[in-house]
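First up is the structure itself, then whatever we jot down about it.
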Amino acid sequence: MQNLDVECAKLGRELARLDKDDKTLTRALGVLEEQGTYACFLFLHTQDAGSQVSAELAGFLRKVPAESPLLGDGEIFTALQALAGDLDQLLFARDLLRQALIYGRYHAKGANAQ
């Protein structure tokens, strides 16, 4: 069984590597909380560092939980629309993304403080 909090922390560390000043992560977190998962991915696709962050987040949702990944293969926005068909899974995905983005912000801020 996977410890998903640890997986979110690992993803957060990777996200901080992609967005060293944490601005994209902070904005993506705000969009995620205010408008939801689909809007968060749309936002990320409009940002310079965002496409890499989006790819990392999508890859994460495609492999967790290991026994039943939240996001299917194929084009990201089609997969997100399919995910939206199950409210419990959608909310679970949103919570995991929120945690990963928060960890990413902490990692980026910690790296900048040194």
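Following the order of the structure tokens, chains are lettered A, B, ..., residues in each are numbered from 1, and ligands are numbered from 1.
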Members of chain A assigned alpha helix (DSSP H) by DSSP, as a PyMOL selection string: chain A and resi 4-18+23-35+37-45+50-61+76-83+87-113
Surrounding residues of Leu44 (chain A) excluding itself and chain neighbours under 2 positions, 8 Å, only C-alpha atoms, as a PyMOL selection string: chain A and resi 24+28+40-42+46-47+49-51+53-54
Got time to write the residues from that selection, C-alpha atoms, as a PDB file, in the first residue's frame?
```pdb
ATOM      1  CA  THR A  24       3.601  29.304 -10.700  1.00  0.00           C
ATOM      2  CA  ALA A  28      -1.786  27.130  -9.555  1.00  0.00           C
ATOM      3  CA  CYS A  40      -5.792  24.442 -12.665  1.00  0.00           C
ATOM      4  CA  PHE A  41      -4.532  22.423 -15.615  1.00  0.00           C
ATOM      5  CA  LEU A  42      -5.823  25.073 -18.049  1.00  0.00           C
ATOM      6  CA  THR A  46      -0.755  29.123 -20.165  1.00  0.00           C
ATOM      7  CA  GLN A  47       2.411  29.518 -18.066  1.00  0.00           C
ATOM      8  CA  ALA A  49       7.003  26.677 -16.381  1.00  0.00           C
ATOM      9  CA  GLY A  50       3.425  25.480 -16.142  1.00  0.00           C
ATOM     10  CA  SER A  51       3.458  22.920 -18.924  1.00  0.00           C
ATOM     11  CA  VAL A  53       4.355  21.282 -13.837  1.00  0.00           C
ATOM     12  CA  SER A  54       1.147  20.149 -15.535  1.00  0.00           C
TER      13      SER A  54
END
```
Neighbour list for Ala39 (chain A) as an MDAnalysis selection string, cut-off 12 Å, only C-alpha atoms, skip fewer than 5 positions in-chain: chainID A and resid 27:34 44:46 54 77 80:81 94
For the residues in the current selection, export N, CA, C and O atoms as a PDB file, in the first residue's frame.
```pdb
ATOM      1  N   ARG A  27       0.270  30.321  -7.714  1.00  0.00           N
ATOM      2  CA  ARG A  27      -0.888  30.685  -8.537  1.00  0.00           C
ATOM      3  C   ARG A  27      -1.722  29.463  -8.887  1.00  0.00           C
ATOM      4  O   ARG A  27      -2.949  29.518  -8.871  1.00  0.00           O
ATOM      5  N   ALA A  28      -1.057  28.363  -9.222  1.00  0.00           N
ATOM      6  CA  ALA A  28      -1.786  27.130  -9.555  1.00  0.00           C
ATOM      7  C   ALA A  28      -2.597  26.643  -8.357  1.00  0.00           C
ATOM      8  O   ALA A  28      -3.731  26.184  -8.513  1.00  0.00           O
ATOM      9  N   LEU A  29      -2.028  26.761  -7.177  1.00  0.00           N
ATOM     10  CA  LEU A  29      -2.746  26.377  -5.960  1.00  0.00           C
ATOM     11  C   LEU A  29      -3.997  27.229  -5.783  1.00  0.00           C
ATOM     12  O   LEU A  29      -5.069  26.728  -5.456  1.00  0.00           O
ATOM     13  N   GLY A  30      -3.870  28.525  -6.009  1.00  0.00           N
ATOM     14  CA  GLY A  30      -5.020  29.417  -5.908  1.00  0.00           C
ATOM     15  C   GLY A  30      -6.106  29.063  -6.906  1.00  0.00           C
ATOM     16  O   GLY A  30      -7.293  29.028  -6.563  1.00  0.00           O
ATOM     17  N   VAL A  31      -5.720  28.789  -8.143  1.00  0.00           N
ATOM     18  CA  VAL A  31      -6.697  28.405  -9.166  1.00  0.00           C
ATOM     19  C   VAL A  31      -7.353  27.080  -8.790  1.00  0.00           C
ATOM     20  O   VAL A  31      -8.571  26.923  -8.909  1.00  0.00           O
ATOM     21  N   LEU A  32      -6.565  26.129  -8.327  1.00  0.00           N
ATOM     22  CA  LEU A  32      -7.099  24.836  -7.923  1.00  0.00           C
ATOM     23  C   LEU A  32      -8.148  24.998  -6.835  1.00  0.00           C
ATOM     24  O   LEU A  32      -9.231  24.406  -6.908  1.00  0.00           O
ATOM     25  N   GLU A  33      -7.861  25.802  -5.836  1.00  0.00           N
ATOM     26  CA  GLU A  33      -8.785  25.969  -4.717  1.00  0.00           C
ATOM     27  C   GLU A  33     -10.024  26.768  -5.093  1.00  0.00           C
ATOM     28  O   GLU A  33     -11.110  26.499  -4.586  1.00  0.00           O
ATOM     29  N   GLU A  34      -9.877  27.745  -5.985  1.00  0.00           N
ATOM     30  CA  GLU A  34     -11.012  28.598  -6.337  1.00  0.00           C
ATOM     31  C   GLU A  34     -11.864  28.024  -7.468  1.00  0.00           C
ATOM     32  O   GLU A  34     -13.086  28.100  -7.417  1.00  0.00           O
ATOM     33  N   LEU A  44      -2.145  26.151 -15.908  1.00  0.00           N
ATOM     34  CA  LEU A  44      -0.758  25.718 -16.047  1.00  0.00           C
ATOM     35  C   LEU A  44      -0.319  25.682 -17.507  1.00  0.00           C
ATOM     36  O   LEU A  44       0.844  25.974 -17.817  1.00  0.00           O
ATOM     37  N   HIS A  45      -1.228  25.355 -18.396  1.00  0.00           N
ATOM     38  CA  HIS A  45      -0.871  25.311 -19.811  1.00  0.00           C
ATOM     39  C   HIS A  45      -0.631  26.696 -20.401  1.00  0.00           C
ATOM     40  O   HIS A  45      -0.100  26.810 -21.501  1.00  0.00           O
ATOM     41  N   THR A  46      -0.989  27.761 -19.686  1.00  0.00           N
ATOM     42  CA  THR A  46      -0.755  29.123 -20.165  1.00  0.00           C
ATOM     43  C   THR A  46       0.541  29.707 -19.620  1.00  0.00           C
ATOM     44  O   THR A  46       0.922  30.801 -20.025  1.00  0.00           O
ATOM     45  N   SER A  54       2.359  20.867 -15.147  1.00  0.00           N
ATOM     46  CA  SER A  54       1.147  20.149 -15.535  1.00  0.00           C
ATOM     47  C   SER A  54       1.458  18.694 -15.886  1.00  0.00           C
ATOM     48  O   SER A  54       0.735  17.782 -15.473  1.00  0.00           O
ATOM     49  N   PHE A  77      -7.010  16.850 -21.006  1.00  0.00           N
ATOM     50  CA  PHE A  77      -8.307  17.467 -20.737  1.00  0.00           C
ATOM     51  C   PHE A  77      -9.457  16.482 -20.938  1.00  0.00           C
ATOM     52  O   PHE A  77     -10.457  16.544 -20.234  1.00  0.00           O
ATOM     53  N   LEU A  80      -9.383  14.453 -17.760  1.00  0.00           N
ATOM     54  CA  LEU A  80      -9.950  15.216 -16.643  1.00  0.00           C
ATOM     55  C   LEU A  80     -11.474  15.258 -16.710  1.00  0.00           C
ATOM     56  O   LEU A  80     -12.141  15.195 -15.678  1.00  0.00           O
ATOM     57  N   GLN A  81     -12.020  15.355 -17.900  1.00  0.00           N
ATOM     58  CA  GLN A  81     -13.475  15.334 -18.047  1.00  0.00           C
ATOM     59  C   GLN A  81     -14.038  13.989 -17.604  1.00  0.00           C
ATOM     60  O   GLN A  81     -15.081  13.933 -16.954  1.00  0.00           O
ATOM     61  N   ARG A  94      -8.188  16.354  -6.391  1.00  0.00           N
ATOM     62  CA  ARG A  94      -7.960  17.752  -6.023  1.00  0.00           C
ATOM     63  C   ARG A  94      -7.170  17.839  -4.718  1.00  0.00           C
ATOM     64  O   ARG A  94      -6.232  18.632  -4.592  1.00  0.00           O
TER      65      ARG A  94
END
```
Point-to-point distance from CA of His107 (chain A) to CA of Leu18 (chain A), Å rounded to tenths: 11.0 Å
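Shortest separation to Ile102 (chain A) among A:Pro69, A:Lys10, A:Asn3, A:Ala82 occurs at residue A:Lys10, atoms counted being only C-alpha atoms.
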Proximity to Leu25 (chain A) - best of A:Ser68, A:Gln99, A:Gln89, A:Gln2, only C-alpha atoms: A:Gln99
Selection near Leu101 (chain A), 9 Å with only C-alpha atoms, sequence-local residues under 6 positions removed, as JSON, numbers by chain: {"A": [8, 9, 11, 12, 15, 16, 25, 26, 28, 29]}
Atom pair CA of Phe92 (chain A) / CA of Gly36 (chain A): separation (Å): 11.8 Å
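Taking only C-alpha atoms into account, Leu61 (chain A) lies nearest to A:Asp73 out of the set A:Asp48, A:Asp73, A:Glu14, A:Asp5.
What separates CA of Leu70 (chain A) from CA of Lys20 (chain A) is a distance of 27.5 Å.
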Which residue of A:Lys23, A:Leu57, A:Gln52, A:Gln35 approaches Ala100 (chain A) most closely, using only C-alpha atoms: A:Leu57
Residue nearest Leu96 (chain A) - candidates A:Asp21, A:Phe60, A:Arg13, A:Phe43, atoms counted: only C-alpha atoms: A:Phe60
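Closest to Asp86 (chain A) among A:Gly59, A:Leu71, A:Glu7, A:Tyr103 is A:Leu71, based on only C-alpha atoms.
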